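**Q** So that you have it, the file is model_12.cif, and it contains mmCIF, C-alpha atoms:
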data_input
loop_
_atom_site.label_atom_id
_atom_site.label_comp_id
_atom_site.auth_asym_id
_atom_site.auth_seq_id
_atom_site.Cartn_x
_atom_site.Cartn_y
_atom_site.Cartn_z
CA MET A 1 0.00 0.00 0.00
CA SER A 2 1.21 3.43 -0.79
CA ASP A 3 1.93 6.73 0.80
CA SER A 4 -0.53 9.59 0.57
CA LYS A 5 2.15 12.12 -0.16
CA GLU A 6 3.20 10.27 -3.29
CA HIS A 7 -0.07 8.75 -4.53
CA SER A 8 -3.46 10.33 -4.66
CA VAL A 9 -6.10 7.72 -3.94
CA ASP A 10 -9.19 7.40 -6.12
CA LEU A 11 -11.59 4.96 -4.50
CA ASN A 12 -13.51 4.25 -7.71
CA SER A 13 -10.35 3.37 -9.62
CA TYR A 14 -9.39 1.06 -6.75
CA ILE A 15 -12.77 -0.64 -6.94
CA ARG A 16 -12.27 -1.23 -10.68
CA LEU A 17 -8.74 -2.54 -10.13
CA CYS A 18 -9.90 -4.84 -7.35
CA ALA A 19 -12.75 -6.20 -9.47
CA VAL A 20 -10.31 -7.06 -12.26
CA ILE A 21 -7.85 -8.69 -9.86
CA PHE A 22 -10.58 -10.72 -8.18
CA LEU A 23 -11.83 -11.98 -11.55
CA VAL A 24 -8.30 -12.94 -12.55
CA LEU A 25 -7.82 -14.73 -9.21
CA ILE A 26 -11.02 -16.71 -9.81
CA CYS A 27 -9.82 -17.65 -13.31
CA THR A 28 -6.35 -18.68 -12.16
CA THR A 29 -7.79 -20.71 -9.29
CA ALA A 30 -10.06 -22.48 -11.78
CA ALA A 31 -7.03 -23.06 -14.02
CA MET A 32 -5.13 -24.64 -11.10
CA ILE A 33 -8.02 -27.00 -10.34
CA ALA A 34 -8.43 -27.90 -14.03
CA THR A 35 -4.70 -28.63 -14.30
CA SER A 36 -4.85 -30.78 -11.18
CA TYR A 37 -7.59 -32.99 -12.63
CA SER A 38 -6.20 -33.06 -16.18
CA HIS A 39 -4.18 -35.91 -17.65
CA ILE A 40 -1.01 -33.95 -18.37
CA GLY A 41 2.25 -35.92 -18.16
CA ASN A 42 2.76 -39.33 -16.62
CA GLY A 43 3.17 -38.37 -13.00
CA TRP A 44 2.78 -35.35 -10.77
CA THR A 45 5.99 -33.50 -11.72
CA LEU A 46 4.60 -31.57 -14.71
CA LYS A 47 1.28 -30.92 -13.00
CA VAL A 48 2.94 -29.62 -9.83
CA THR A 49 5.19 -27.36 -11.93
CA LEU A 50 2.23 -25.92 -13.83
CA ILE A 51 0.06 -25.48 -10.76
CA LEU A 52 2.82 -23.75 -8.80
CA SER A 53 3.51 -21.51 -11.81
CA ILE A 54 -0.12 -20.38 -11.75
CA ALA A 55 0.12 -19.90 -7.97
CA ILE A 56 3.14 -17.63 -8.54
CA VAL A 57 1.01 -15.52 -10.93
CA ASN A 58 -1.64 -15.24 -8.19
CA ALA A 59 1.03 -14.28 -5.66
CA PHE A 60 2.37 -11.63 -8.04
CA LEU A 61 -1.09 -10.09 -8.36
CA VAL A 62 -1.62 -9.96 -4.61
CA ALA A 63 1.89 -8.75 -3.75
CA GLY A 64 2.28 -6.43 -6.74
CA TYR A 65 -1.11 -4.73 -6.80
CA LEU A 66 -2.86 -5.30 -3.48
CA MET A 67 0.30 -4.81 -1.39
CA HIS A 68 1.53 -2.11 -3.81
CA LEU A 69 4.88 -3.82 -4.09
CA LEU A 70 5.22 -2.64 -7.69
CA SER A 71 5.63 0.92 -6.47
CA GLU A 72 7.42 0.47 -3.17
CA LYS A 73 10.53 2.07 -1.73
CA LYS A 74 14.02 0.75 -2.42
CA LEU A 75 14.49 -0.24 1.21
CA ILE A 76 11.53 -2.64 1.05
CA TYR A 77 12.97 -4.23 -2.09
CA THR A 78 16.33 -4.62 -0.33
CA VAL A 79 14.66 -6.40 2.60
CA LEU A 80 12.80 -8.67 0.20
CA VAL A 81 15.92 -9.49 -1.83
CA PHE A 82 17.52 -10.83 1.34
CA THR A 83 14.32 -12.75 2.15
CA VAL A 84 14.20 -14.32 -1.31
CA PHE A 85 17.90 -15.22 -1.05
CA PHE A 86 17.49 -17.02 2.27
CA PHE A 87 14.20 -18.64 1.23
CA ALA A 88 15.80 -19.93 -1.97
CA GLY A 89 18.77 -21.18 0.08
CA LEU A 90 16.43 -22.98 2.47
CA MET A 91 14.55 -24.70 -0.34
CA GLY A 92 17.73 -25.36 -2.32
CA LEU A 93 19.48 -26.98 0.64
CA THR A 94 16.40 -29.11 1.28
CA MET A 95 16.35 -30.36 -2.30
CA TRP A 96 20.10 -30.91 -2.24
CA ALA A 97 19.82 -32.92 0.97
CA MET A 98 17.40 -35.32 -0.73
CA GLY A 99 20.21 -36.79 -2.79
CA ASP A 100 23.00 -36.39 -0.28
CA PHE A 101 23.37 -39.77 1.41
CA PRO A 102 26.32 -40.74 3.63
CA VAL A 103 29.01 -42.72 1.83
CA GLY A 104 28.30 -46.44 1.74
CA THR A 105 24.58 -46.21 2.54
CA VAL A 106 23.31 -46.25 -1.05
CA ALA A 107 24.02 -48.92 -3.67
CA HIS A 108 25.18 -47.33 -6.97
CA MET B 1 6.64 11.52 24.64
CA GLU B 2 5.40 11.32 21.09
CA ILE B 3 6.42 8.34 19.02
CA PRO B 4 8.38 9.61 16.02
CA TYR B 5 7.59 8.84 12.38
CA THR B 6 4.17 7.32 12.83
CA ILE B 7 2.80 9.54 10.05
CA GLU B 8 5.63 11.27 8.23
CA ASN B 9 8.36 9.30 6.50
CA ARG B 10 11.79 8.95 8.04
CA PRO B 11 14.33 10.82 5.92
CA ASP B 12 16.78 7.91 5.84
CA THR B 13 14.33 5.08 5.06
CA GLY B 14 11.74 7.02 3.07
CA ILE B 15 8.86 5.30 4.88
CA TYR B 16 7.19 5.58 8.26
CA ASN B 17 8.48 3.30 11.00
CA ALA B 18 5.51 0.95 11.31
CA LYS B 19 5.68 0.15 7.61
CA LEU B 20 9.33 -0.82 7.81
CA GLY B 21 8.52 -2.83 10.91
CA ILE B 22 5.73 -4.81 9.29
CA TRP B 23 7.84 -5.59 6.23
CA LEU B 24 10.69 -6.86 8.43
CA PHE B 25 8.15 -8.93 10.35
CA LEU B 26 6.71 -10.32 7.12
CA ALA B 27 10.24 -11.21 5.96
CA SER B 28 10.67 -13.29 9.14
CA GLU B 29 7.25 -14.84 8.53
CA VAL B 30 8.35 -15.90 5.06
CA MET B 31 11.19 -17.84 6.68
CA LEU B 32 8.84 -19.37 9.26
CA PHE B 33 6.46 -20.70 6.62
CA GLY B 34 9.42 -21.43 4.34
CA GLY B 35 10.77 -23.83 6.96
CA LEU B 36 7.44 -25.65 7.06
CA PHE B 37 7.17 -25.73 3.27
CA SER B 38 10.68 -27.18 3.04
CA ALA B 39 9.64 -29.81 5.63
CA TYR B 40 6.66 -30.63 3.41
CA VAL B 41 8.93 -31.01 0.38
CA LEU B 42 11.30 -33.24 2.37
CA LEU B 43 8.47 -35.48 3.58
CA ARG B 44 6.78 -35.69 0.20
CA VAL B 45 9.86 -36.37 -1.90
CA GLY B 46 11.13 -38.82 0.71
CA ALA B 47 7.88 -40.81 0.89
CA GLU B 48 7.80 -44.35 -0.47
CA PRO B 49 6.34 -44.43 -4.00
CA GLY B 50 2.55 -44.77 -3.93
CA THR B 51 2.20 -43.86 -0.27
CA TRP B 52 1.84 -40.06 -0.44
CA PRO B 53 -1.85 -39.13 -0.14
CA HIS B 54 -3.72 -37.51 -3.01
CA GLY B 55 -7.31 -36.34 -2.89
CA TRP B 56 -7.68 -36.60 0.88
CA LEU B 57 -8.84 -33.02 1.25
CA ASP B 58 -12.09 -31.52 -0.01
CA VAL B 59 -11.18 -29.39 -3.05
CA LYS B 60 -14.60 -27.66 -2.99
CA LEU B 61 -14.04 -26.42 0.57
CA GLY B 62 -10.46 -25.43 -0.26
CA THR B 63 -11.65 -23.49 -3.30
CA ILE B 64 -14.33 -21.68 -1.31
CA ASN B 65 -11.74 -20.77 1.32
CA THR B 66 -9.37 -19.53 -1.40
CA LEU B 67 -12.05 -17.25 -2.81
CA ILE B 68 -13.03 -16.08 0.67
CA LEU B 69 -9.46 -15.04 1.45
CA ALA B 70 -9.01 -13.45 -1.99
CA LEU B 71 -12.19 -11.43 -1.49
CA SER B 72 -11.09 -10.42 1.99
CA ALA B 73 -7.79 -9.18 0.56
CA ILE B 74 -9.80 -7.01 -1.84
CA THR B 75 -12.05 -5.62 0.92
CA THR B 76 -8.97 -4.87 3.04
CA LEU B 77 -7.44 -2.78 0.28
CA LEU B 78 -10.73 -0.99 -0.37
CA ALA B 79 -11.09 -0.30 3.36
CA TRP B 80 -7.66 1.35 3.37
CA ALA B 81 -8.47 3.34 0.21
CA ALA B 82 -11.79 4.49 1.73
CA CYS B 83 -9.98 5.52 4.90
CA LYS B 84 -7.42 7.38 2.85
CA VAL B 85 -10.07 9.50 1.12
CA ARG B 86 -11.86 9.94 4.48
CA GLN B 87 -15.00 8.04 3.56
CA PHE B 88 -15.42 6.48 6.97
CA GLY B 89 -18.79 4.84 6.24
CA LYS B 90 -17.35 2.89 3.32
CA PHE B 91 -14.27 2.05 5.36
CA LYS B 92 -16.48 0.54 8.07
CA PHE B 93 -18.39 -1.46 5.51
CA PHE B 94 -15.32 -2.89 3.75
CA HIS B 95 -13.50 -3.73 6.96
CA GLY B 96 -16.66 -5.26 8.39
CA CYS B 97 -16.74 -7.50 5.31
CA THR B 98 -13.09 -8.46 5.93
CA ILE B 99 -13.91 -9.50 9.49
CA LEU B 100 -16.89 -11.59 8.37
CA LEU B 101 -14.82 -13.23 5.63
CA GLY B 102 -12.03 -14.01 8.09
CA ILE B 103 -14.50 -15.63 10.48
CA SER B 104 -16.06 -17.58 7.58
CA PHE B 105 -12.63 -18.88 6.59
CA LEU B 106 -11.97 -20.09 10.14
CA CYS B 107 -15.40 -21.72 10.43
CA LEU B 108 -14.90 -23.65 7.19
CA HIS B 109 -11.48 -24.71 8.39
CA MET B 110 -12.92 -25.95 11.66
CA TYR B 111 -15.47 -27.95 9.69
CA GLU B 112 -12.63 -29.51 7.68
CA TYR B 113 -10.69 -30.34 10.84
CA HIS B 114 -13.79 -31.96 12.33
CA ASP B 115 -14.18 -34.00 9.14
CA GLU B 116 -10.59 -35.28 9.44
CA TRP B 117 -10.97 -35.93 13.14
CA THR B 118 -14.05 -38.14 12.68
CA HIS B 119 -12.49 -40.00 9.74
CA TYR B 120 -11.10 -43.37 10.85
CA GLU B 121 -8.82 -46.01 9.41
CA ILE B 122 -9.59 -49.29 11.13
CA GLN B 123 -7.28 -52.31 11.01
CA LEU B 124 -9.42 -55.44 11.02
CA ALA B 125 -8.51 -58.78 12.57
CA ASN B 126 -8.69 -60.44 9.13
CA GLY B 127 -5.91 -58.18 7.80
CA LYS B 128 -8.20 -55.88 5.82
CA ILE B 129 -8.70 -52.19 6.45
CA ALA B 130 -12.00 -50.34 6.90
CA ASP B 131 -12.08 -46.61 6.19
CA GLY B 132 -14.85 -44.10 6.77
CA HIS B 133 -16.40 -41.51 9.04
CA LEU B 134 -17.32 -42.63 12.50
CA ALA B 135 -21.08 -42.24 12.80
CA GLU B 136 -21.82 -44.12 15.98
CA THR B 137 -20.21 -46.17 18.75
CA SER B 138 -22.30 -48.41 20.94
CA LYS B 139 -22.46 -47.55 24.65
CA ASP B 140 -20.61 -50.71 25.59
CA PHE B 141 -17.91 -50.22 22.94
CA ASP B 142 -14.52 -51.14 24.37
CA LEU B 143 -11.74 -52.15 22.02
CA ALA B 144 -9.63 -53.69 24.79
CA LYS B 145 -12.51 -55.84 26.10
CA LYS B 146 -13.74 -56.48 22.54
CA THR B 147 -17.30 -55.47 23.36
CA GLY B 148 -19.76 -53.39 21.37
CA PHE B 149 -19.63 -52.07 17.82
CA VAL B 150 -18.90 -49.00 15.69
CA LYS B 151 -20.74 -47.73 12.64
CA LEU B 152 -18.90 -46.09 9.76
CA GLU B 153 -20.63 -43.71 7.39
CA GLU B 154 -19.85 -43.99 3.67
CA GLY B 155 -17.06 -46.39 4.45
CA ARG B 156 -15.29 -49.05 2.45
CA VAL B 157 -13.06 -52.04 3.11
CA VAL B 158 -9.74 -52.48 1.29
CA ASP B 159 -7.01 -55.11 1.30
CA ASP B 160 -4.00 -52.76 1.39
CA SER B 161 -3.50 -49.30 2.92
CA LYS B 162 -1.93 -48.18 -0.38
CA GLU B 163 -5.43 -48.31 -1.86
CA LEU B 164 -6.35 -45.50 0.52
CA ALA B 165 -3.39 -43.29 -0.42
CA ASP B 166 -4.46 -42.00 -3.82
CA LEU B 167 -8.18 -41.29 -3.85
CA ARG B 168 -8.03 -39.74 -7.31
CA THR B 169 -7.32 -42.93 -9.20
CA PRO B 170 -10.19 -44.31 -11.36
CA GLU B 171 -10.36 -47.36 -9.06
CA ALA B 172 -10.69 -45.24 -5.94
CA ARG B 173 -13.37 -43.06 -7.54
CA ALA B 174 -15.31 -46.10 -8.68
CA ALA B 175 -15.12 -47.77 -5.27
CA LYS B 176 -18.45 -48.35 -3.59
CA HIS B 177 -18.99 -46.55 -0.30
CA GLU B 178 -21.58 -47.78 2.15
CA ASP B 179 -22.45 -47.69 5.83
CA ILE B 180 -20.50 -50.37 7.69
CA THR B 181 -21.05 -51.85 11.13
CA LEU B 182 -17.99 -53.39 12.75
CA GLN B 183 -17.97 -55.48 15.90
CA ALA B 184 -15.17 -54.68 18.36
CA ALA B 185 -14.13 -58.33 18.22
CA ASP B 186 -13.30 -57.87 14.52
CA ILE B 187 -11.19 -54.76 15.09
CA LYS B 188 -7.47 -54.96 15.70
CA SER B 189 -6.84 -51.20 16.03
CA MET B 190 -8.37 -47.91 14.94
CA GLU B 191 -6.99 -44.46 14.39
CA ASN B 192 -8.50 -41.20 13.19
CA TYR B 193 -6.94 -38.87 10.63
CA SER B 194 -5.37 -36.69 13.32
CA PRO B 195 -1.81 -35.28 13.09
CA ARG B 196 -0.31 -38.55 14.35
CA HIS B 197 -1.97 -40.61 11.60
CA ASN B 198 0.86 -40.13 9.09
CA THR B 199 3.36 -37.54 7.86
CA PHE B 200 0.81 -35.95 5.52
CA THR B 201 -1.76 -35.27 8.24
CA ALA B 202 1.05 -34.12 10.56
CA ILE B 203 2.33 -31.49 8.12
CA TYR B 204 -1.23 -30.61 7.01
CA PHE B 205 -2.39 -29.82 10.54
CA THR B 206 0.86 -28.04 11.40
CA ILE B 207 0.90 -25.70 8.41
CA THR B 208 -2.83 -25.02 8.20
CA GLY B 209 -3.01 -24.70 11.99
CA LEU B 210 -0.27 -22.07 12.01
CA HIS B 211 -1.90 -20.31 9.07
CA GLY B 212 -5.26 -20.44 10.86
CA LEU B 213 -3.69 -18.80 13.92
CA HIS B 214 -2.46 -16.02 11.63
CA VAL B 215 -5.96 -15.58 10.24
CA LEU B 216 -7.35 -15.48 13.76
CA GLY B 217 -4.72 -12.94 14.87
CA GLY B 218 -5.31 -10.79 11.79
CA THR B 219 -9.08 -10.89 12.30
CA LEU B 220 -8.70 -9.82 15.94
CA VAL B 221 -6.44 -6.89 15.00
CA ILE B 222 -8.78 -5.79 12.21
CA PHE B 223 -11.73 -6.13 14.58
CA TYR B 224 -9.95 -3.95 17.13
CA LEU B 225 -9.24 -1.28 14.52
CA TRP B 226 -12.81 -1.54 13.23
CA GLY B 227 -14.31 -1.37 16.74
CA PRO B 228 -12.67 0.24 19.78
CA GLY B 229 -9.57 1.38 17.90
CA ARG B 230 -11.55 3.58 15.53
CA ARG B 231 -11.53 6.46 18.03
CA MET B 232 -8.14 7.43 16.65
CA TYR B 233 -9.79 8.28 13.34
CA LYS B 234 -11.34 11.36 14.95
CA THR B 235 -8.15 12.60 16.59
CA ASP B 236 -5.45 11.48 14.16
CA PRO B 237 -6.91 10.13 10.90
CA GLU B 238 -3.62 9.87 9.02
CA ARG B 239 -2.02 7.76 11.74
CA TYR B 240 -5.16 5.64 11.88
CA THR B 241 -4.98 5.14 8.11
CA ASN B 242 -1.38 4.00 8.48
CA ARG B 243 -2.51 1.44 11.07
CA ILE B 244 -5.07 0.17 8.59
CA GLU B 245 -2.35 -0.07 5.97
CA VAL B 246 -0.04 -2.06 8.24
CA SER B 247 -2.78 -4.48 9.31
CA GLY B 248 -3.75 -4.79 5.64
CA LEU B 249 -0.20 -5.75 4.67
CA PHE B 250 -0.29 -8.53 7.25
CA TRP B 251 -3.67 -9.71 5.95
CA HIS B 252 -2.37 -9.79 2.38
CA PHE B 253 0.57 -11.89 3.55
CA VAL B 254 -1.85 -14.37 5.12
CA ASP B 255 -3.62 -14.53 1.75
CA LEU B 256 -0.27 -15.02 -0.02
CA VAL B 257 0.57 -18.02 2.15
CA TRP B 258 -2.83 -19.59 1.40
CA ILE B 259 -2.27 -19.04 -2.33
CA PHE B 260 0.54 -21.59 -2.06
CA LEU B 261 -1.03 -23.79 0.62
CA PHE B 262 -4.16 -24.47 -1.40
CA PRO B 263 -2.46 -25.98 -4.48
CA VAL B 264 0.23 -27.74 -2.46
CA LEU B 265 -2.13 -29.49 -0.05
CA TYR B 266 -5.40 -29.79 -1.98
CA LEU B 267 -4.46 -30.03 -5.64
CA THR B 268 -1.17 -31.89 -5.93
#
Do you think you could lay out the structure here as structure tokens?

**A**
Amino acid sequence: MSDSKEHSVDLNSYIRLCAVIFLVLICTTAAMIATSYSHIGNGWTLKVTLILSIAIVNAFLVAGYLMHLLSEKKLIYTVLVFTVFFFAGLMGLTMWAMGDFPVGTVAH
Amino acid sequence: MEIPYTIENRPDTGIYNAKLGIWLFLASEVMLFGGLFSAYVLLRVGAEPGTWPHGWLDVKLGTINTLILALSAITTLLAWAACKVRQFGKFKFFHGCTILLGISFLCLHMYEYHDEWTHYEIQLANGKIADGHLAETSKDFDLAKKTGFVKLEEGRVVDDSKELADLRTPEARAAKHEDITLQAADIKSMENYSPRHNTFTAIYFTITGLHGLHVLGGTLVIFYLWGPGRRMYKTDPERYTNRIEVSGLFWHFVDLVWIFLFPVLYLT
């Protein structure tokens, strides 16, 4: 959300923006459900990738427009860059650990 | 002593203090939920093939909850915008809607929890497994003494627990569900779908429980600002608007977490 000194607020334009975003969120949610029940790929890998990609679009809409992240201050971006870095590290290390077995415990 | 930078921006950060504070808090929240999401990934990828549950949760309820939270995110933003242009009546309406939507989300979640809690997997003495919702237990039911009976609603009996893992297979969808009465003498053990049932229910209750607490906390804060806290609007409307903005940012974060929880738990 933005600062009054930098953005003048027009309630009607916000209502229009919100209506569009809500409609898009409904459509993307429907797309996620349709993908989940579709017969794409052999297993879950492709489906999960597609569904999470749509979820990222939803997240972008909420963070970008509803939280006004698209027009935020540099300091907020700096904080979030660090957050993304550590979050990616957390997930990356988790995935890496999945294949990292102690020597001699896995038959090759 | 007056608290500095509650309205005007700090020269060095370019934003007022509460806004920086909430963003730092949200950054820590990302890591909190990130830890749980990584635990989910670890459990799911590490599960034996064919054992990870699919289709255990009600997609209809999950979808309704998704739309409820999305709509509440919209009403939160509109409440802030109305407050910003000093249309207090509209602000009250939009924030009132947010509170009602938050409560609706929690009620639906409670219903889902109740559904899981009354869902039982029963190991039978003949090696088979009965699965269904517990509808009735006789007054003299005692598993240790092997007396009495239980009735399962829309239950079914399977040979292997793996048949209960993926409920979205054509076989599982075609399976016949019926009311089943089981004598205690035929039951070896029984367990409901509580957190201790398996790793899926454990991580499901942990993540959604923590998220639910966030929804509850957010609803209480918004209710305070909507109710007793609104007195500040008369004395210091700009500071009050900033409070609405900060609470709104938290609420949007709660929505963001659900945007990922819904597909991860309900759809994949």

**Q** Rounded to one decimal in Å, what is the spacing between CA of Glu136 in chain B and CA of Ile203 in chain B?

**A**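 Result for CA of Glu136 in chain B versus CA of Ile203 in chain B: 28.4 Å, one decimal.
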
**Q** Could you list the residues in chain A lying within 9 Å of chain B, using all atoms listed in the file, and format the result as JSON, numbers by chain?

**A** {"A": [1, 2, 3, 4, 8, 9, 10, 11, 14, 15, 18, 19, 21, 22, 25, 26, 29, 30, 32, 33, 35, 36, 37, 44, 47, 48, 51, 52, 55, 56, 58, 59, 62, 63, 66, 67, 73, 74, 75, 76, 79, 80, 82, 83, 84, 86, 87, 90, 91, 94, 95, 97, 98]}

**Q** Mind pulling up the distance from CA of Asp166 in chain B to CA of Pro53 in chain B?

**A**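 One can read the CA of Pro53 in chain B to CA of Asp166 in chain B distance as 5.3 Å.
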
**Q** Between CA of Leu220 in chain B and CA of Phe88 in chain B, measure the distance and give it in Å to one decimal.

**A**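 Between these atoms lies a distance of 19.8 Å.
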
**Q** Care to translate the PyMOL selection byres ((chain B and resi 193) around 8) into actual residues of this file, as a list in words?

**A** Glu116, Trp117, Thr118, His119, Tyr120, Glu121, Glu191, Asn192, Ser194, Pro195, Arg196, His197 and Thr201 of chain B

**Q** Please determine an axis-aligned box that encloses all atoms of range 248-261 of chain B listed in the file, with 5 Å added on each side, and express its centre and edge lengths in Å to one decimal as lines of an AutoDock Vina configuration file.

**A**
center_x = -1.6
center_y = -14.3
center_z = 2.5
size_x = 14.3
size_y = 29.0
size_z = 19.6

**Q** Rank nothing, just name the residue among A:Leu50, A:Tyr65, A:Ser71, A:Phe60 nearest to Ala34 in chain A, using only C-alpha atoms.

**A**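 Checking each candidate against Ala34 in chain A, we get A:Leu50 as the closest.
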